[in-house]
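Below: the structure, in structure tokens.
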Amino acid sequence: MAELNRLRSASGLSRAQVAERIGSTDTTIWRYETGLTMPRPSDVGALLEAYGVSGAARDDLIQLAKDARKRGWWHRHRETLKPGFDSYIGLESEASVVRTYQSQVVPGLLQTERYARAIIEATGMTSSAAEISEKVSVRMARQELIARSEDPVRLVAVLDEAVVRRQVGGPEVMAEQLSKLIDLGKLPNVEIRVMPFGSGAHAAMDGPFYFLEFPESDDPDLVYLEQAGSGLIPEDVEELRRYTLMFGNLMATALTPSQSSAFIAKIVKEDR
């Protein structure tokens, strides 16, 4: 955002000084000012405080940041993605915590490229080769959220045993995917739990979902229900409460992260 560069210059502060004040790096400030990285509204708020900007001007710039992130890099792919999914990606990019239960597939944020391609080819029956490749690229790009060095999103994934048993793409692709799950589960911001068949019935038997939490206090949590041709975001407060309770039930029933890692490693060994 060029306006951030102008305001910093007007304040007489160097990028290094600003970075020190807000607990960031001068490279990050430079990326914000040149538009290479879209700052979160909370980041813009911290910068404006450092520059002494308040009132309506502050509110307008924070709103501009919110609007800009809604039309991020993913916006140009909206014609290829299912209706509304580009909006979900925008929301996902804003989240501080992503919780998900998956009954059939590894969530997109944890997929290998070959696994993702196998899933997209199987479900995109009317998609061209170019569209499939574009969707794979979008899915891989989304994974920056958990890999970035600054404020990576916290991901908590509960996977039904069927997810780690299903041979998507064949034994080699699946072994690679399971090994990646084990590696990603070691990250401090990633928690992977398996719901074994032996657990029996549980609260999420109706299907998979994503539950997003946001760092801004005025941004309410939301649930995203992915469907074959579109997505649904329930807005009813009681629905949100139900999914909150549902995920709590899953966490109490599923294997612990260490047990889940051992469970997945055993499957890899069995399939060799």
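Chain labels A, B, ... are given in the sequence in which chains occur in the structure tokens; within each chain residues are numbered consecutively from 1, and ligands are likewise numbered from 1 in the order shown.
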Set the distance at 8 Å and use only C-alpha atoms: which residues neighbour region 147-163 of chain A once local chain neighbours fewer than 6 positions away are removed? I'd like the list as a VMD selection string. chain A and resid 95 to 107 189 to 197 250 to 251 254
Residues from the last selection, N, CA, C and O atoms, saved as a compact mmCIF listing (two decimals), in the first residue's frame:
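Below is the file that was written, selection02.txt:
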```txt
# COMPACT_ATOMS: atom_id res chain seq x y z
N ALA A 95 -7.67 -15.72 8.94
CA ALA A 95 -7.87 -16.47 10.19
C ALA A 95 -6.57 -16.62 10.97
O ALA A 95 -5.48 -16.69 10.41
N SER A 96 -6.71 -16.69 12.28
CA SER A 96 -5.57 -17.00 13.14
C SER A 96 -5.56 -18.49 13.47
O SER A 96 -4.50 -19.06 13.73
N VAL A 97 -6.75 -19.11 13.47
CA VAL A 97 -6.87 -20.54 13.75
C VAL A 97 -7.84 -21.16 12.75
O VAL A 97 -8.92 -20.62 12.51
N VAL A 98 -7.44 -22.28 12.16
CA VAL A 98 -8.31 -23.05 11.28
C VAL A 98 -8.47 -24.43 11.90
O VAL A 98 -7.49 -25.14 12.11
N ARG A 99 -9.70 -24.78 12.21
CA ARG A 99 -10.00 -26.13 12.71
C ARG A 99 -10.83 -26.85 11.66
O ARG A 99 -11.71 -26.24 11.05
N THR A 100 -10.54 -28.12 11.45
CA THR A 100 -11.30 -28.85 10.44
C THR A 100 -11.46 -30.31 10.82
O THR A 100 -10.58 -30.91 11.45
N TYR A 101 -12.59 -30.87 10.43
CA TYR A 101 -12.81 -32.32 10.49
C TYR A 101 -13.00 -32.79 9.06
O TYR A 101 -13.78 -32.19 8.30
N GLN A 102 -12.27 -33.84 8.68
CA GLN A 102 -12.37 -34.38 7.33
C GLN A 102 -12.65 -35.88 7.41
O GLN A 102 -11.99 -36.60 8.15
N SER A 103 -13.62 -36.31 6.62
CA SER A 103 -14.03 -37.72 6.65
C SER A 103 -13.53 -38.52 5.46
O SER A 103 -13.54 -39.75 5.49
N GLN A 104 -13.10 -37.83 4.37
CA GLN A 104 -12.71 -38.55 3.15
C GLN A 104 -11.31 -38.20 2.65
O GLN A 104 -10.61 -39.06 2.12
N VAL A 105 -10.92 -36.92 2.75
CA VAL A 105 -9.65 -36.49 2.16
C VAL A 105 -8.81 -35.68 3.14
O VAL A 105 -9.34 -35.08 4.09
N VAL A 106 -7.52 -35.65 2.91
CA VAL A 106 -6.62 -34.79 3.65
C VAL A 106 -6.99 -33.34 3.33
O VAL A 106 -7.23 -33.01 2.17
N PRO A 107 -7.09 -32.47 4.32
CA PRO A 107 -7.45 -31.07 4.03
C PRO A 107 -6.42 -30.42 3.11
O PRO A 107 -5.23 -30.75 3.14
N ASN A 189 2.67 -25.11 15.02
CA ASN A 189 1.36 -24.53 14.73
C ASN A 189 0.41 -25.50 14.05
O ASN A 189 -0.68 -25.13 13.62
N VAL A 190 0.80 -26.77 13.93
CA VAL A 190 -0.04 -27.78 13.28
C VAL A 190 -0.31 -28.94 14.23
O VAL A 190 0.61 -29.50 14.82
N GLU A 191 -1.57 -29.27 14.37
CA GLU A 191 -1.98 -30.40 15.22
C GLU A 191 -2.86 -31.33 14.38
O GLU A 191 -3.88 -30.91 13.85
N ILE A 192 -2.42 -32.57 14.25
CA ILE A 192 -3.15 -33.55 13.45
C ILE A 192 -3.58 -34.71 14.34
O ILE A 192 -2.76 -35.29 15.04
N ARG A 193 -4.87 -35.01 14.30
CA ARG A 193 -5.42 -36.10 15.11
C ARG A 193 -6.22 -37.04 14.22
O ARG A 193 -6.93 -36.59 13.33
N VAL A 194 -6.10 -38.31 14.49
CA VAL A 194 -6.85 -39.32 13.74
C VAL A 194 -8.01 -39.83 14.57
O VAL A 194 -7.87 -40.09 15.77
N MET A 195 -9.17 -39.95 13.92
CA MET A 195 -10.35 -40.55 14.55
C MET A 195 -10.44 -42.00 14.06
O MET A 195 -10.88 -42.27 12.94
N PRO A 196 -9.98 -42.96 14.88
CA PRO A 196 -9.95 -44.35 14.42
C PRO A 196 -11.35 -44.94 14.29
O PRO A 196 -12.30 -44.51 14.96
N PHE A 197 -11.48 -45.93 13.41
CA PHE A 197 -12.77 -46.60 13.22
C PHE A 197 -13.31 -47.13 14.55
O PHE A 197 -14.52 -47.13 14.79
N LEU A 250 -15.02 -34.01 19.07
CA LEU A 250 -14.03 -34.69 18.24
C LEU A 250 -12.67 -34.72 18.92
O LEU A 250 -11.97 -35.75 18.92
N MET A 251 -12.28 -33.59 19.50
CA MET A 251 -10.98 -33.52 20.16
C MET A 251 -10.90 -34.46 21.36
O MET A 251 -9.83 -35.00 21.68
N ALA A 254 -10.83 -38.28 19.49
CA ALA A 254 -9.75 -38.66 18.58
C ALA A 254 -8.47 -39.00 19.34
O ALA A 254 -8.30 -38.68 20.52
```
Would you kindly return, as a PyMOL selection string, each protein, DNA or RNA residue with an atom no farther than 9 Å from any atom of region 111-127 of chain A, considering only C-alpha atoms and excluding same-chain residues fewer than 4 positions away? chain A and resi 80+105-107+131-133+135-137+139-140+143+168-169+173-174+176-177+180-181+228
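The shortest atom-to-atom distance to Asp26 (chain A), with only C-alpha atoms taken into account, belongs to A:Ser14 out of A:Ser14, A:Ala265, A:Leu61, A:Pro208.
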If DSSP is run on the backbone, what residues of region 108-229 of chain A are strand (DSSP E or B)? A reply as a ChimeraX atom specification would be ideal. /A:154-160,190-195,209-213,222-226
Using only C-alpha atoms, which residues sit within 12 Å of Val237 (chain A) once same-chain residues fewer than 5 positions away are excluded, as a ChimeraX atom specification? /A:220-223,242-244
Could you save the residues just selected, with all heavy atoms, as a PDB file, in the first residue's frame?
```pdb
ATOM      1  N   PRO A 220     -16.446 -12.171  13.951  1.00  0.00           N
ATOM      2  CA  PRO A 220     -16.945 -13.403  14.570  1.00  0.00           C
ATOM      3  C   PRO A 220     -16.373 -14.659  13.906  1.00  0.00           C
ATOM      4  O   PRO A 220     -15.987 -14.644  12.731  1.00  0.00           O
ATOM      5  CB  PRO A 220     -18.460 -13.309  14.347  1.00  0.00           C
ATOM      6  CG  PRO A 220     -18.606 -12.477  13.115  1.00  0.00           C
ATOM      7  CD  PRO A 220     -17.490 -11.468  13.186  1.00  0.00           C
ATOM      8  N   ASP A 221     -16.295 -15.743  14.675  1.00  0.00           N
ATOM      9  CA  ASP A 221     -15.893 -17.030  14.124  1.00  0.00           C
ATOM     10  C   ASP A 221     -16.904 -17.439  13.051  1.00  0.00           C
ATOM     11  O   ASP A 221     -18.051 -16.990  13.049  1.00  0.00           O
ATOM     12  CB  ASP A 221     -15.870 -18.095  15.219  1.00  0.00           C
ATOM     13  CG  ASP A 221     -14.902 -17.755  16.339  1.00  0.00           C
ATOM     14  OD1 ASP A 221     -14.009 -16.915  16.115  1.00  0.00           O
ATOM     15  OD2 ASP A 221     -15.040 -18.336  17.432  1.00  0.00           O
ATOM     16  N   LEU A 222     -16.464 -18.301  12.137  1.00  0.00           N
ATOM     17  CA  LEU A 222     -17.412 -18.791  11.135  1.00  0.00           C
ATOM     18  C   LEU A 222     -17.126 -20.234  10.770  1.00  0.00           C
ATOM     19  O   LEU A 222     -16.020 -20.740  10.947  1.00  0.00           O
ATOM     20  CB  LEU A 222     -17.400 -17.905   9.888  1.00  0.00           C
ATOM     21  CG  LEU A 222     -16.157 -17.822   9.003  1.00  0.00           C
ATOM     22  CD1 LEU A 222     -16.097 -18.999   8.024  1.00  0.00           C
ATOM     23  CD2 LEU A 222     -16.162 -16.526   8.216  1.00  0.00           C
ATOM     24  N   VAL A 223     -18.155 -20.878  10.252  1.00  0.00           N
ATOM     25  CA  VAL A 223     -18.069 -22.261   9.792  1.00  0.00           C
ATOM     26  C   VAL A 223     -18.217 -22.278   8.286  1.00  0.00           C
ATOM     27  O   VAL A 223     -19.030 -21.536   7.723  1.00  0.00           O
ATOM     28  CB  VAL A 223     -19.186 -23.122  10.437  1.00  0.00           C
ATOM     29  CG1 VAL A 223     -19.247 -24.509   9.795  1.00  0.00           C
ATOM     30  CG2 VAL A 223     -18.945 -23.252  11.935  1.00  0.00           C
ATOM     31  N   ARG A 242     -23.183 -24.979  17.787  1.00  0.00           N
ATOM     32  CA  ARG A 242     -23.257 -26.436  17.591  1.00  0.00           C
ATOM     33  C   ARG A 242     -21.940 -26.970  17.046  1.00  0.00           C
ATOM     34  O   ARG A 242     -21.451 -28.009  17.505  1.00  0.00           O
ATOM     35  CB  ARG A 242     -24.408 -26.771  16.632  1.00  0.00           C
ATOM     36  CG  ARG A 242     -24.676 -28.273  16.486  1.00  0.00           C
ATOM     37  CD  ARG A 242     -25.989 -28.505  15.761  1.00  0.00           C
ATOM     38  NE  ARG A 242     -25.870 -28.273  14.336  1.00  0.00           N
ATOM     39  CZ  ARG A 242     -25.512 -29.223  13.459  1.00  0.00           C
ATOM     40  NH1 ARG A 242     -25.227 -30.439  13.868  1.00  0.00           N
ATOM     41  NH2 ARG A 242     -25.437 -28.946  12.169  1.00  0.00           N
ATOM     42  N   TYR A 243     -21.349 -26.262  16.090  1.00  0.00           N
ATOM     43  CA  TYR A 243     -20.077 -26.729  15.527  1.00  0.00           C
ATOM     44  C   TYR A 243     -18.927 -26.578  16.521  1.00  0.00           C
ATOM     45  O   TYR A 243     -17.977 -27.358  16.506  1.00  0.00           O
ATOM     46  CB  TYR A 243     -19.771 -25.999  14.219  1.00  0.00           C
ATOM     47  CG  TYR A 243     -20.506 -26.603  13.046  1.00  0.00           C
ATOM     48  CD1 TYR A 243     -21.708 -26.058  12.600  1.00  0.00           C
ATOM     49  CD2 TYR A 243     -20.023 -27.743  12.412  1.00  0.00           C
ATOM     50  CE1 TYR A 243     -22.397 -26.627  11.534  1.00  0.00           C
ATOM     51  CE2 TYR A 243     -20.703 -28.324  11.353  1.00  0.00           C
ATOM     52  CZ  TYR A 243     -21.893 -27.760  10.915  1.00  0.00           C
ATOM     53  OH  TYR A 243     -22.576 -28.345   9.864  1.00  0.00           O
ATOM     54  N   THR A 244     -19.007 -25.577  17.380  1.00  0.00           N
ATOM     55  CA  THR A 244     -18.004 -25.434  18.442  1.00  0.00           C
ATOM     56  C   THR A 244     -18.046 -26.640  19.366  1.00  0.00           C
ATOM     57  O   THR A 244     -17.010 -27.228  19.707  1.00  0.00           O
ATOM     58  CB  THR A 244     -18.250 -24.148  19.251  1.00  0.00           C
ATOM     59  OG1 THR A 244     -18.190 -23.013  18.386  1.00  0.00           O
ATOM     60  CG2 THR A 244     -17.211 -23.992  20.348  1.00  0.00           C
TER      61      THR A 244
END
```
Please extract the residues of region 45-176 of chain A with a backbone DSSP assignment of helix (DSSP H, G or I) and present them as a ChimeraX atom specification. /A:45-51,55-70,73-77,85-94,108-110,113-123,129-142,144-147,161-165,171-176
At what distance in Å, to one decimal, does CA of Gly23 (chain A) lie from CA of Phe214 (chain A)? 19.7 Å
Contacts of region 46-49 of chain A at 8 Å (only C-alpha atoms; same-chain gap of 6+ positions) as a PyMOL selection string: chain A and resi 4+18+22+58
Please, could you write that set of residues out with C-alpha atoms as a PDB file, in the first residue's frame?
```pdb
ATOM      1  CA  LEU A   4       1.720   3.347   4.171  1.00  0.00           C
ATOM      2  CA  VAL A  18       8.929   1.069  12.537  1.00  0.00           C
ATOM      3  CA  ILE A  22       5.607  -3.069  16.055  1.00  0.00           C
ATOM      4  CA  ARG A  58      -7.334   5.345  10.510  1.00  0.00           C
TER       5      ARG A  58
END
```
Which of these, A:Glu270, A:Ala175, A:Tyr88, A:Glu94, has the shortest distance to Asp43 (chain A) once you count only C-alpha atoms?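 Using only C-alpha atoms, the shortest distance to Asp43 (chain A) belongs to A:Glu94.
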Kindly indicate which residue among A:Pro41, A:Thr25, A:Gly55, A:Asn249 lies nearest to Ala201 (chain A), using only C-alpha atoms for the distances. A:Asn249
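Rounded to one decimal, CA of Lys66 (chain A) and CA of Arg40 (chain A) lie 7.3 Å from each other.
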Would you mind reading off the distance between CA of Ile233 (chain A) and CA of Asp206 (chain A), one decimal, in Å?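 Atom-to-atom, CA of Ile233 (chain A) to CA of Asp206 (chain A), that is 15.8 Å.
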For Ser87 (chain A), which of A:Tyr224, A:Phe247, A:Tyr51, A:Phe211 is the closest residue, counting only C-alpha atoms? A:Tyr224
Do you know which residues are at most 12 Å from Glu33 (chain A) counting only C-alpha atoms, after dropping those on the same chain fewer than 5 positions away, and could you put them as a count of residues only? 17
